[in-house]
Each structure stands twice: as C-alpha cells, then as structure tokens.
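Dumped entry33.pdb below, it's PDB, C-alpha atoms:
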ATOM      1  CA  MET Z 876     127.213 149.289  77.836  1.00  0.00           C
ATOM      2  CA  ALA Z 877     124.180 150.273  79.959  1.00  0.00           C
ATOM      3  CA  SER Z 878     124.895 151.446  83.450  1.00  0.00           C
ATOM      4  CA  LEU Z 879     122.842 150.682  86.535  1.00  0.00           C
ATOM      5  CA  PHE Z 880     122.372 153.594  88.897  1.00  0.00           C
ATOM      6  CA  LEU Z 881     121.130 153.072  92.420  1.00  0.00           C
ATOM      7  CA  PRO Z 882     119.264 155.754  94.294  1.00  0.00           C
ATOM      8  CA  LYS Z 883     121.197 157.836  96.729  1.00  0.00           C
ATOM      9  CA  HIS Z 884     119.968 155.938  99.773  1.00  0.00           C
ATOM     10  CA  SER Z 885     121.997 152.825 100.446  1.00  0.00           C
ATOM     11  CA  LEU Z 886     120.715 149.231 100.107  1.00  0.00           C
ATOM     12  CA  PRO Z 887     121.021 148.506 103.886  1.00  0.00           C
ATOM     13  CA  SER Z 888     118.886 151.507 104.681  1.00  0.00           C
ATOM     14  CA  LEU Z 889     116.307 150.405 102.093  1.00  0.00           C
ATOM     15  CA  LEU Z 890     116.121 146.936 103.570  1.00  0.00           C
ATOM     16  CA  SER Z 891     115.777 148.277 107.048  1.00  0.00           C
ATOM     17  CA  THR Z 892     112.704 150.217 106.009  1.00  0.00           C
ATOM     18  CA  GLN Z 893     111.059 147.246 104.229  1.00  0.00           C
ATOM     19  CA  ILE Z 894     111.714 144.344 106.591  1.00  0.00           C
ATOM     20  CA  PRO Z 895     109.872 144.577 109.907  1.00  0.00           C
ATOM     21  CA  LYS Z 896     111.911 143.986 112.936  1.00  0.00           C
ATOM     22  CA  THR Z 897     111.433 140.605 114.512  1.00  0.00           C
ATOM     23  CA  PRO Z 898     110.144 141.071 118.025  1.00  0.00           C
ATOM     24  CA  SER Z 899     112.305 139.657 120.720  1.00  0.00           C
ATOM     25  CA  LEU Z 900     111.157 136.746 122.793  1.00  0.00           C
ATOM     26  CA  HIS Z 901     110.786 139.050 125.753  1.00  0.00           C
ATOM     27  CA  SER Z 902     108.284 141.171 123.884  1.00  0.00           C
ATOM     28  CA  LEU Z 903     106.066 138.292 122.740  1.00  0.00           C
ATOM     29  CA  PRO Z 904     102.842 137.958 124.746  1.00  0.00           C
ATOM     30  CA  LEU Z 905     102.333 134.614 126.345  1.00  0.00           C
ATOM     31  CA  VAL Z 906      99.304 132.551 125.348  1.00  0.00           C
ATOM     32  CA  SER Z 907      96.973 132.491 128.265  1.00  0.00           C
ATOM     33  CA  LYS Z 908      95.374 129.369 129.632  1.00  0.00           C
ATOM     34  CA  SER Z 909      91.923 130.621 128.785  1.00  0.00           C
ATOM     35  CA  SER Z 910      89.931 128.997 126.011  1.00  0.00           C
ATOM     36  CA  HIS Z 911      90.431 132.022 123.650  1.00  0.00           C
ATOM     37  CA  SER Z 912      93.774 133.846 123.391  1.00  0.00           C
ATOM     38  CA  GLN Z 913      95.087 136.647 121.146  1.00  0.00           C
ATOM     39  CA  PHE Z 914      98.465 136.074 119.523  1.00  0.00           C
ATOM     40  CA  TYR Z 915      99.625 138.656 116.977  1.00  0.00           C
ATOM     41  CA  GLY Z 916      96.138 139.257 115.712  1.00  0.00           C
ATOM     42  CA  LEU Z 917      95.203 135.529 115.577  1.00  0.00           C
ATOM     43  CA  THR Z 918      92.704 133.882 117.847  1.00  0.00           C
ATOM     44  CA  PHE Z 919      93.562 130.437 119.236  1.00  0.00           C
ATOM     45  CA  SER Z 920      90.981 128.159 120.783  1.00  0.00           C
ATOM     46  CA  SER Z 921      91.987 125.289 123.030  1.00  0.00           C
ATOM     47  CA  SER Z 922      89.879 122.194 123.712  1.00  0.00           C
ATOM     48  CA  PRO Z 923      90.289 121.292 127.348  1.00  0.00           C
ATOM     49  CA  SER Z 924      87.978 118.316 126.844  1.00  0.00           C
ATOM     50  CA  LEU Z 925      90.440 116.503 124.553  1.00  0.00           C
ATOM     51  CA  PRO Z 926      92.043 113.552 126.349  1.00  0.00           C
ATOM     52  CA  LEU Z 927      95.737 113.791 126.948  1.00  0.00           C
ATOM     53  CA  PRO Z 928      97.987 110.801 126.237  1.00  0.00           C
ATOM     54  CA  SER Z 929      98.546 108.753 129.324  1.00  0.00           C
ATOM     55  CA  SER Z 930     101.591 106.783 130.324  1.00  0.00           C
ATOM     56  CA  SER Z 931      99.425 104.045 131.782  1.00  0.00           C
ATOM     57  CA  SER Z 932      99.278 100.611 130.160  1.00  0.00           C
ATOM     58  CA  SER Z 933      95.689 101.201 129.061  1.00  0.00           C
ATOM     59  CA  SER Z 934      96.873 103.670 126.399  1.00  0.00           C
ATOM     60  CA  SER Z 935      99.207 101.199 124.720  1.00  0.00           C
ATOM     61  CA  PRO Z 936      97.781  99.260 121.767  1.00  0.00           C
ATOM     62  CA  LYS Z 937      96.827  95.694 122.532  1.00  0.00           C
ATOM     63  CA  LYS Z 938      96.735  92.846 120.061  1.00  0.00           C
ATOM     64  CA  ALA Z 939      93.213  91.596 119.593  1.00  0.00           C
ATOM     65  CA  SER Z 940      92.718  87.947 120.444  1.00  0.00           C
ATOM     66  CA  ILE Z 941      90.132  85.592 119.021  1.00  0.00           C
ATOM     67  CA  PHE Z 942      89.109  82.659 121.164  1.00  0.00           C
ATOM     68  CA  ALA Z 943      87.455  79.639 119.605  1.00  0.00           C
ATOM     69  CA  LYS Z 944      84.373  78.207 121.259  1.00  0.00           C
ATOM     70  CA  VAL Z 945      85.796  74.693 121.106  1.00  0.00           C
ATOM     71  CA  SER Z 946      88.871  74.218 123.285  1.00  0.00           C
ATOM     72  CA  LYS Z 947      91.286  71.382 123.928  1.00  0.00           C
ATOM     73  CA  GLY Z 948      89.784  68.827 126.275  1.00  0.00           C
ATOM     74  CA  GLN Z 949      86.209  69.514 125.158  1.00  0.00           C
ATOM     75  CA  VAL Z 950      83.741  67.513 123.094  1.00  0.00           C
ATOM     76  CA  PRO Z 951      82.776  69.726 120.118  1.00  0.00           C
ATOM     77  CA  PRO Z 952      79.172  70.272 119.016  1.00  0.00           C
ATOM     78  CA  PRO Z 953      77.797  67.417 116.872  1.00  0.00           C
ATOM     79  CA  PHE Z 954      76.963  67.906 113.213  1.00  0.00           C
ATOM     80  CA  THR Z 955      75.343  66.149 110.285  1.00  0.00           C
ATOM     81  CA  LEU Z 956      76.389  67.386 106.840  1.00  0.00           C
ATOM     82  CA  LYS Z 957      76.369  66.204 103.237  1.00  0.00           C
ATOM     83  CA  ASP Z 958      79.542  64.807 101.705  1.00  0.00           C
ATOM     84  CA  GLN Z 959      80.795  65.076  98.125  1.00  0.00           C
ATOM     85  CA  ASP Z 960      78.402  62.300  97.074  1.00  0.00           C
ATOM     86  CA  GLY Z 961      75.369  63.955  98.647  1.00  0.00           C
ATOM     87  CA  LYS Z 962      75.229  61.446 101.532  1.00  0.00           C
ATOM     88  CA  THR Z 963      74.650  62.625 105.094  1.00  0.00           C
ATOM     89  CA  VAL Z 964      77.572  62.142 107.473  1.00  0.00           C
ATOM     90  CA  SER Z 965      77.469  62.711 111.226  1.00  0.00           C
ATOM     91  CA  LEU Z 966      80.405  63.362 113.518  1.00  0.00           C
ATOM     92  CA  SER Z 967      79.223  60.500 115.729  1.00  0.00           C
ATOM     93  CA  LYS Z 968      80.038  58.140 112.845  1.00  0.00           C
ATOM     94  CA  PHE Z 969      83.731  58.476 113.652  1.00  0.00           C
ATOM     95  CA  LYS Z 970      83.490  57.790 117.366  1.00  0.00           C
ATOM     96  CA  GLY Z 971      85.748  54.949 118.448  1.00  0.00           C
ATOM     97  CA  LYS Z 972      88.678  56.115 116.316  1.00  0.00           C
ATOM     98  CA  PRO Z 973      90.735  59.308 116.081  1.00  0.00           C
ATOM     99  CA  VAL Z 974      89.457  61.805 113.540  1.00  0.00           C
ATOM    100  CA  VAL Z 975      91.089  64.846 111.993  1.00  0.00           C
ATOM    101  CA  VAL Z 976      88.521  67.535 111.195  1.00  0.00           C
ATOM    102  CA  TYR Z 977      89.974  70.404 109.228  1.00  0.00           C
ATOM    103  CA  PHE Z 978      88.124  73.555 108.225  1.00  0.00           C
ATOM    104  CA  TYR Z 979      89.410  75.293 105.098  1.00  0.00           C
ATOM    105  CA  PRO Z 980      88.297  78.422 103.173  1.00  0.00           C
ATOM    106  CA  ALA Z 981      87.273  77.056  99.760  1.00  0.00           C
ATOM    107  CA  ASP Z 982      87.793  74.419  97.076  1.00  0.00           C
ATOM    108  CA  GLU Z 983      90.305  75.105  94.301  1.00  0.00           C
ATOM    109  CA  THR Z 984      92.084  77.968  96.038  1.00  0.00           C
ATOM    110  CA  PRO Z 985      95.896  77.622  96.017  1.00  0.00           C
ATOM    111  CA  GLY Z 986      96.389  77.143  99.761  1.00  0.00           C
ATOM    112  CA  CYS Z 987      93.421  74.801 100.143  1.00  0.00           C
ATOM    113  CA  THR Z 988      94.502  72.708  97.172  1.00  0.00           C
ATOM    114  CA  LYS Z 989      97.998  72.418  98.608  1.00  0.00           C
ATOM    115  CA  GLN Z 990      96.568  71.395 101.976  1.00  0.00           C
ATOM    116  CA  ALA Z 991      94.177  68.813 100.506  1.00  0.00           C
ATOM    117  CA  CYS Z 992      96.939  67.264  98.413  1.00  0.00           C
ATOM    118  CA  ALA Z 993      99.222  67.114 101.444  1.00  0.00           C
ATOM    119  CA  PHE Z 994      96.533  65.225 103.374  1.00  0.00           C
ATOM    120  CA  ARG Z 995      96.141  62.956 100.339  1.00  0.00           C
ATOM    121  CA  ASP Z 996      99.872  62.230 100.129  1.00  0.00           C
ATOM    122  CA  SER Z 997     100.007  61.355 103.831  1.00  0.00           C
ATOM    123  CA  TYR Z 998      96.672  59.543 103.909  1.00  0.00           C
ATOM    124  CA  GLU Z 999      98.270  56.118 104.373  1.00  0.00           C
ATOM    125  CA  LYS Z1000     100.030  57.430 107.484  1.00  0.00           C
ATOM    126  CA  PHE Z1001      96.694  58.597 108.871  1.00  0.00           C
ATOM    127  CA  LYS Z1002      95.153  55.210 108.133  1.00  0.00           C
ATOM    128  CA  LYS Z1003      98.069  53.476 109.812  1.00  0.00           C
ATOM    129  CA  ALA Z1004      97.384  55.591 112.893  1.00  0.00           C
ATOM    130  CA  GLY Z1005      93.757  54.442 112.690  1.00  0.00           C
ATOM    131  CA  ALA Z1006      92.489  57.968 112.013  1.00  0.00           C
ATOM    132  CA  GLU Z1007      89.951  59.384 109.598  1.00  0.00           C
ATOM    133  CA  VAL Z1008      90.360  62.705 107.777  1.00  0.00           C
ATOM    134  CA  VAL Z1009      87.414  65.035 107.187  1.00  0.00           C
ATOM    135  CA  GLY Z1010      87.609  68.373 105.380  1.00  0.00           C
ATOM    136  CA  ILE Z1011      84.869  70.993 105.842  1.00  0.00           C
ATOM    137  CA  SER Z1012      84.136  74.171 103.908  1.00  0.00           C
ATOM    138  CA  GLY Z1013      81.104  76.160 102.800  1.00  0.00           C
ATOM    139  CA  ASP Z1014      81.235  74.791  99.234  1.00  0.00           C
ATOM    140  CA  ASP Z1015      78.318  72.675  98.024  1.00  0.00           C
ATOM    141  CA  PRO Z1016      78.574  68.886  97.447  1.00  0.00           C
ATOM    142  CA  SER Z1017      78.993  69.255  93.669  1.00  0.00           C
ATOM    143  CA  SER Z1018      81.998  71.550  94.189  1.00  0.00           C
ATOM    144  CA  HIS Z1019      83.474  69.061  96.660  1.00  0.00           C
ATOM    145  CA  LYS Z1020      82.926  66.205  94.218  1.00  0.00           C
ATOM    146  CA  ALA Z1021      84.751  68.010  91.398  1.00  0.00           C
ATOM    147  CA  PHE Z1022      87.554  69.023  93.779  1.00  0.00           C
ATOM    148  CA  ALA Z1023      87.987  65.485  95.124  1.00  0.00           C
ATOM    149  CA  LYS Z1024      87.919  63.976  91.631  1.00  0.00           C
ATOM    150  CA  LYS Z1025      90.401  66.429  90.164  1.00  0.00           C
ATOM    151  CA  TYR Z1026      92.994  65.855  92.886  1.00  0.00           C
ATOM    152  CA  ARG Z1027      92.127  62.230  93.723  1.00  0.00           C
ATOM    153  CA  LEU Z1028      91.297  62.968  97.347  1.00  0.00           C
ATOM    154  CA  PRO Z1029      90.572  59.717  99.231  1.00  0.00           C
ATOM    155  CA  PHE Z1030      88.916  61.291 102.281  1.00  0.00           C
ATOM    156  CA  THR Z1031      85.551  62.849 103.114  1.00  0.00           C
ATOM    157  CA  LEU Z1032      84.695  66.444 102.247  1.00  0.00           C
ATOM    158  CA  LEU Z1033      81.637  67.921 103.944  1.00  0.00           C
ATOM    159  CA  SER Z1034      79.497  70.861 102.855  1.00  0.00           C
ATOM    160  CA  ASP Z1035      78.857  73.328 105.667  1.00  0.00           C
ATOM    161  CA  ASP Z1036      75.998  75.294 104.140  1.00  0.00           C
ATOM    162  CA  GLY Z1037      75.883  78.785 105.640  1.00  0.00           C
ATOM    163  CA  ASN Z1038      79.022  77.987 107.672  1.00  0.00           C
ATOM    164  CA  LYS Z1039      76.835  76.891 110.576  1.00  0.00           C
ATOM    165  CA  VAL Z1040      79.234  74.266 111.925  1.00  0.00           C
ATOM    166  CA  ARG Z1041      82.148  76.650 111.511  1.00  0.00           C
ATOM    167  CA  LYS Z1042      80.288  79.149 113.712  1.00  0.00           C
ATOM    168  CA  ASP Z1043      79.221  76.472 116.219  1.00  0.00           C
ATOM    169  CA  TRP Z1044      82.821  75.370 116.640  1.00  0.00           C
ATOM    170  CA  GLY Z1045      84.038  78.985 116.795  1.00  0.00           C
ATOM    171  CA  VAL Z1046      86.558  78.737 113.960  1.00  0.00           C
ATOM    172  CA  PRO Z1047      88.151  82.200 113.763  1.00  0.00           C
ATOM    173  CA  ALA Z1048      88.283  84.132 110.504  1.00  0.00           C
ATOM    174  CA  ASP Z1049      91.461  85.564 109.012  1.00  0.00           C
ATOM    175  CA  LEU Z1050      92.463  88.801 107.257  1.00  0.00           C
ATOM    176  CA  PHE Z1051      90.277  91.085 109.360  1.00  0.00           C
ATOM    177  CA  GLY Z1052      87.328  88.740 109.166  1.00  0.00           C
ATOM    178  CA  THR Z1053      87.148  88.678 105.361  1.00  0.00           C
ATOM    179  CA  LEU Z1054      88.410  85.124 104.841  1.00  0.00           C
ATOM    180  CA  PRO Z1055      87.145  81.917 106.493  1.00  0.00           C
ATOM    181  CA  GLY Z1056      89.842  80.562 108.760  1.00  0.00           C
ATOM    182  CA  ARG Z1057      91.973  77.460 108.312  1.00  0.00           C
ATOM    183  CA  GLN Z1058      91.842  75.403 111.484  1.00  0.00           C
ATOM    184  CA  THR Z1059      92.446  71.742 112.253  1.00  0.00           C
ATOM    185  CA  TYR Z1060      91.093  69.692 115.162  1.00  0.00           C
ATOM    186  CA  VAL Z1061      92.274  66.258 116.266  1.00  0.00           C
ATOM    187  CA  LEU Z1062      89.682  64.276 118.218  1.00  0.00           C
ATOM    188  CA  ASP Z1063      90.609  61.112 120.101  1.00  0.00           C
ATOM    189  CA  LYS Z1064      88.597  57.868 120.170  1.00  0.00           C
ATOM    190  CA  LYS Z1065      86.190  59.350 122.713  1.00  0.00           C
ATOM    191  CA  GLY Z1066      85.535  62.427 120.585  1.00  0.00           C
ATOM    192  CA  VAL Z1067      87.518  64.744 122.841  1.00  0.00           C
ATOM    193  CA  VAL Z1068      89.633  67.469 121.211  1.00  0.00           C
ATOM    194  CA  GLN Z1069      93.330  66.848 121.765  1.00  0.00           C
ATOM    195  CA  LEU Z1070      94.770  69.432 119.365  1.00  0.00           C
ATOM    196  CA  ILE Z1071      93.667  72.672 117.743  1.00  0.00           C
ATOM    197  CA  TYR Z1072      96.009  74.007 115.095  1.00  0.00           C
ATOM    198  CA  ASN Z1073      95.562  77.249 113.139  1.00  0.00           C
ATOM    199  CA  ASN Z1074      97.841  78.386 110.335  1.00  0.00           C
ATOM    200  CA  GLN Z1075      96.351  80.218 107.361  1.00  0.00           C
ATOM    201  CA  PHE Z1076      99.497  80.597 105.289  1.00  0.00           C
ATOM    202  CA  GLN Z1077     101.325  77.293 105.875  1.00  0.00           C
ATOM    203  CA  PRO Z1078      98.677  74.667 105.075  1.00  0.00           C
ATOM    204  CA  GLU Z1079     101.161  71.788 105.022  1.00  0.00           C
ATOM    205  CA  LYS Z1080     101.983  72.389 108.691  1.00  0.00           C
ATOM    206  CA  HIS Z1081      98.508  71.115 109.603  1.00  0.00           C
ATOM    207  CA  ILE Z1082      99.475  67.652 108.364  1.00  0.00           C
ATOM    208  CA  ASP Z1083     102.802  67.612 110.219  1.00  0.00           C
ATOM    209  CA  GLU Z1084     101.279  68.732 113.524  1.00  0.00           C
ATOM    210  CA  THR Z1085      98.361  66.303 113.399  1.00  0.00           C
ATOM    211  CA  LEU Z1086     100.557  63.318 112.549  1.00  0.00           C
ATOM    212  CA  LYS Z1087     102.868  64.101 115.449  1.00  0.00           C
ATOM    213  CA  LEU Z1088      99.958  63.975 117.852  1.00  0.00           C
ATOM    214  CA  LEU Z1089      98.279  60.929 116.312  1.00  0.00           C
ATOM    215  CA  GLN Z1090     101.441  58.929 116.812  1.00  0.00           C
ATOM    216  CA  THR Z1091     101.103  59.499 120.570  1.00  0.00           C
ATOM    217  CA  LEU Z1092      97.412  58.591 120.895  1.00  0.00           C
TER     218      LEU Z1092
END

Output the structure of this file as structure tokens.
Amino acid sequence: MASLFLPKHSLPSLLSTQIPKTPSLHSLPLVSKSSHSQFYGLTFSSSPSLPLPSSSSSSSPKKASIFAKVSKGQVPPPFTLKDQDGKTVSLSKFKGKPVVVYFYPADETPGCTKQACAFRDSYEKFKKAGAEVVGISGDDPSSHKAFAKKYRLPFTLLSDDGNKVRKDWGVPADLFGTLPGRQTYVLDKKGVVQLIYNNQFQPEKHIDETLKLLQTL
C-alpha cells in the first residue's frame, strides 16, 4: 500500500503562510465623502446628483386615472354615422326617449359577442322601458351587417370610422391603450347622460346596470 508523506512543516503552519490575514475592522480605512475614494486598491465614485428616495407622498406610486370627456349630467356631442344597412343615423333621432349607447371594441370578438347577445336577450325589457339600444364600434357597415345577421341582433349598430365619435365622447382605452374601451352611456329623454358604465371584462354587467337605471327614469 502506498504511503503519503507530508513535509516536515505542519499543515497549520502551511495554511498560515498561504492565507492572508483578514484585516480587522479597526484597520480598514473609511470611505471618504469625496467623489473619489481609495478602498483596498479600488476606486469608488459616488454620484451626489442622484436623487435620494423621499418619504414624502410624491414618491409613492399613484394609479393613473383616465377621465372621459362626457360626464354624467352633460349632453354628449352629436353624431351622424352609418348603420349596418348603410343608412345614416343621427343621435338626435332618438331624442324624446331614453337611449342606451354602448361602445365596444369589435364585432365577432368573444366579449363583444357575449355583450351583443345579452342586449338581444333583454331587448324586450329595453323596449318596455321605452328605450332604444345603439352599439358603436370602428367596424364598417358590412361587418356590422354580418354580425347582426349571425346573432339576430334587433338593434342598431353604427360604424364609427376612424373612431371619431369614440374620441369626441372621450371613451377610455383599455390594456395600456392597446384595446378600444367598452363603455355604456344611458341618455334620458332630453339627451342628458344619466349613467356611464365601464367594464371591459364583464360585458353582461352593462345590461344589468342600464336596466336598473332605465326602470327609474
């Protein structure tokens, strides 16, 4: 069997010669407050111009708010748009009766289809309340016509080319501005806004909220 022979000097003494002694805290030089300091052969540069965190309320993150141009109690800007049959329809046409104007992102999308069908299923309730229902999106009349035919939608769909009316009314966008918003307005007989409801991800809630209000008008 092979034998291992160590040199005469002991292992502790070998280690003591190889491992540098760690300087004590008392022997460490303090970093000066100047812009350039030497620390064990390394140069550190500080940036006095960098802002320090503040405990004031201005440093805390604030939730961004989007305010629509049209508010409750106002008369919204008028419009004249083409419906699914290519006929021009003006907002003034509905004066004298309550009207539900709902802006939605696009035809045939899951949420918009669910919303349109929910309005369709409750359409008799809207008629009983004496109200009209109008859906608006940036799709062209031919897209609206196919959408209305496929899902048997009994109400008017208007084509907002270039989203001009959406911008005039100040309908906020969703998902960091990448998706047209879903917002519903209820106008009374005088054309004054009595309700503004926004819910991108629960389209059926628009129907429930508008019916609640219409029953009080």

For range 1072-1077 of chain Z, please output as a PDB file with C-alpha atoms, in the coordinates of the input all residues within 6 Å (counting all atoms listed in the file; exclusion window: fewer than 4 positions along the same chain).
ATOM      1  CA  ARG Z1057      91.973  77.460 108.312  1.00  0.00           C
ATOM      2  CA  GLN Z1058      91.842  75.403 111.484  1.00  0.00           C
ATOM      3  CA  THR Z1059      92.446  71.742 112.253  1.00  0.00           C
TER       4      THR Z1059
END

Residues proximal to (79.2, 63.5, 97.2) were defined as those with any atom within 10 Å of that point in the file's coordinates, counting all atoms listed in the file. Which are they, as a list in words?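 Every residue inside that radius is included here: Lys957, Asp958, Gln959, Asp960, Gly961, Lys962, Thr963, Asp1015, Pro1016, Ser1017, Ser1018, His1019, Lys1020, Ala1021, Ala1023, Thr1031, Leu1032, Leu1033 and Ser1034 of chain Z.
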
Running the PyMOL selection byres ((chain Z and resi 994) around 10) on this model by hand, what would come out? Give it as a compact mmCIF listing (two decimals) with C-alpha atoms, in the frame of the given file.
# COMPACT_ATOMS: atom_id res chain seq x y z
CA THR Z 988 94.50 72.71 97.17
CA LYS Z 989 98.00 72.42 98.61
CA GLN Z 990 96.57 71.40 101.98
CA ALA Z 991 94.18 68.81 100.51
CA CYS Z 992 96.94 67.26 98.41
CA ALA Z 993 99.22 67.11 101.44
CA ARG Z 995 96.14 62.96 100.34
CA ASP Z 996 99.87 62.23 100.13
CA SER Z 997 100.01 61.36 103.83
CA TYR Z 998 96.67 59.54 103.91
CA GLU Z 999 98.27 56.12 104.37
CA LYS Z 1000 100.03 57.43 107.48
CA PHE Z 1001 96.69 58.60 108.87
CA VAL Z 1008 90.36 62.70 107.78
CA VAL Z 1009 87.41 65.04 107.19
CA GLY Z 1010 87.61 68.37 105.38
CA LEU Z 1028 91.30 62.97 97.35
CA PRO Z 1029 90.57 59.72 99.23
CA PHE Z 1030 88.92 61.29 102.28
CA PRO Z 1078 98.68 74.67 105.08
CA GLU Z 1079 101.16 71.79 105.02
CA HIS Z 1081 98.51 71.11 109.60
CA ILE Z 1082 99.48 67.65 108.36
CA ASP Z 1083 102.80 67.61 110.22

Z:Leu1062, Z:Leu1054, Z:Leu1070, Z:Cys987: which is nearest Lys1087 in chain Z, counting only C-alpha atoms? Z:Leu1070

Give the answer as one residue: which of Z:Pro985, Z:Phe978, Z:Gly1013, Z:Ser965 has the shortest atom-to-atom distance to Gly1045 in chain Z, using only C-alpha atoms?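 With only C-alpha atoms as the atom set, the closest residue is Z:Phe978.
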
Coordinates-based distance that separates CA of Val1068 in chain Z from CA of Thr1085 in chain Z (Å, one decimal): 11.8 Å

Write out as a list in words the residues lying within 8 Å of Pro951 in chain Z, counting all atoms listed in the file and excluding same-chain residues fewer than 3 positions away. Val945, Trp1044, Gly1066, Val1067 and Val1068 of chain Z

Quick one, how far is CA of Lys1065 in chain Z from CA of Arg1041 in chain Z?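 Computing it gives 21.0 Å between the two atoms.
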
What does the distance between CA of Asp1049 in chain Z and CA of Val950 in chain Z come to in Å, to one decimal place? 24.2 Å

Using the chain letters and numbering of this document, enumerate as a PyMOL selection string the residues selected by the PyMOL selection byres ((chain Z and resi 969) around 10). chain Z and resi 964-968+970-975+1006-1009+1062-1066

Selected residues written out, C-alpha atoms, as a CSV table (one decimal), keeping the file's coordinate frame:
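Done, and the output landed in result.csv:
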chain,number,residue,atom,x,y,z
Z,964,VAL,CA,77.6,62.1,107.5
Z,965,SER,CA,77.5,62.7,111.2
Z,966,LEU,CA,80.4,63.4,113.5
Z,967,SER,CA,79.2,60.5,115.7
Z,968,LYS,CA,80.0,58.1,112.8
Z,970,LYS,CA,83.5,57.8,117.4
Z,971,GLY,CA,85.7,54.9,118.4
Z,972,LYS,CA,88.7,56.1,116.3
Z,973,PRO,CA,90.7,59.3,116.1
Z,974,VAL,CA,89.5,61.8,113.5
Z,975,VAL,CA,91.1,64.8,112.0
Z,1006,ALA,CA,92.5,58.0,112.0
Z,1007,GLU,CA,90.0,59.4,109.6
Z,1008,VAL,CA,90.4,62.7,107.8
Z,1009,VAL,CA,87.4,65.0,107.2
Z,1062,LEU,CA,89.7,64.3,118.2
Z,1063,ASP,CA,90.6,61.1,120.1
Z,1064,LYS,CA,88.6,57.9,120.2
Z,1065,LYS,CA,86.2,59.4,122.7
Z,1066,GLY,CA,85.5,62.4,120.6
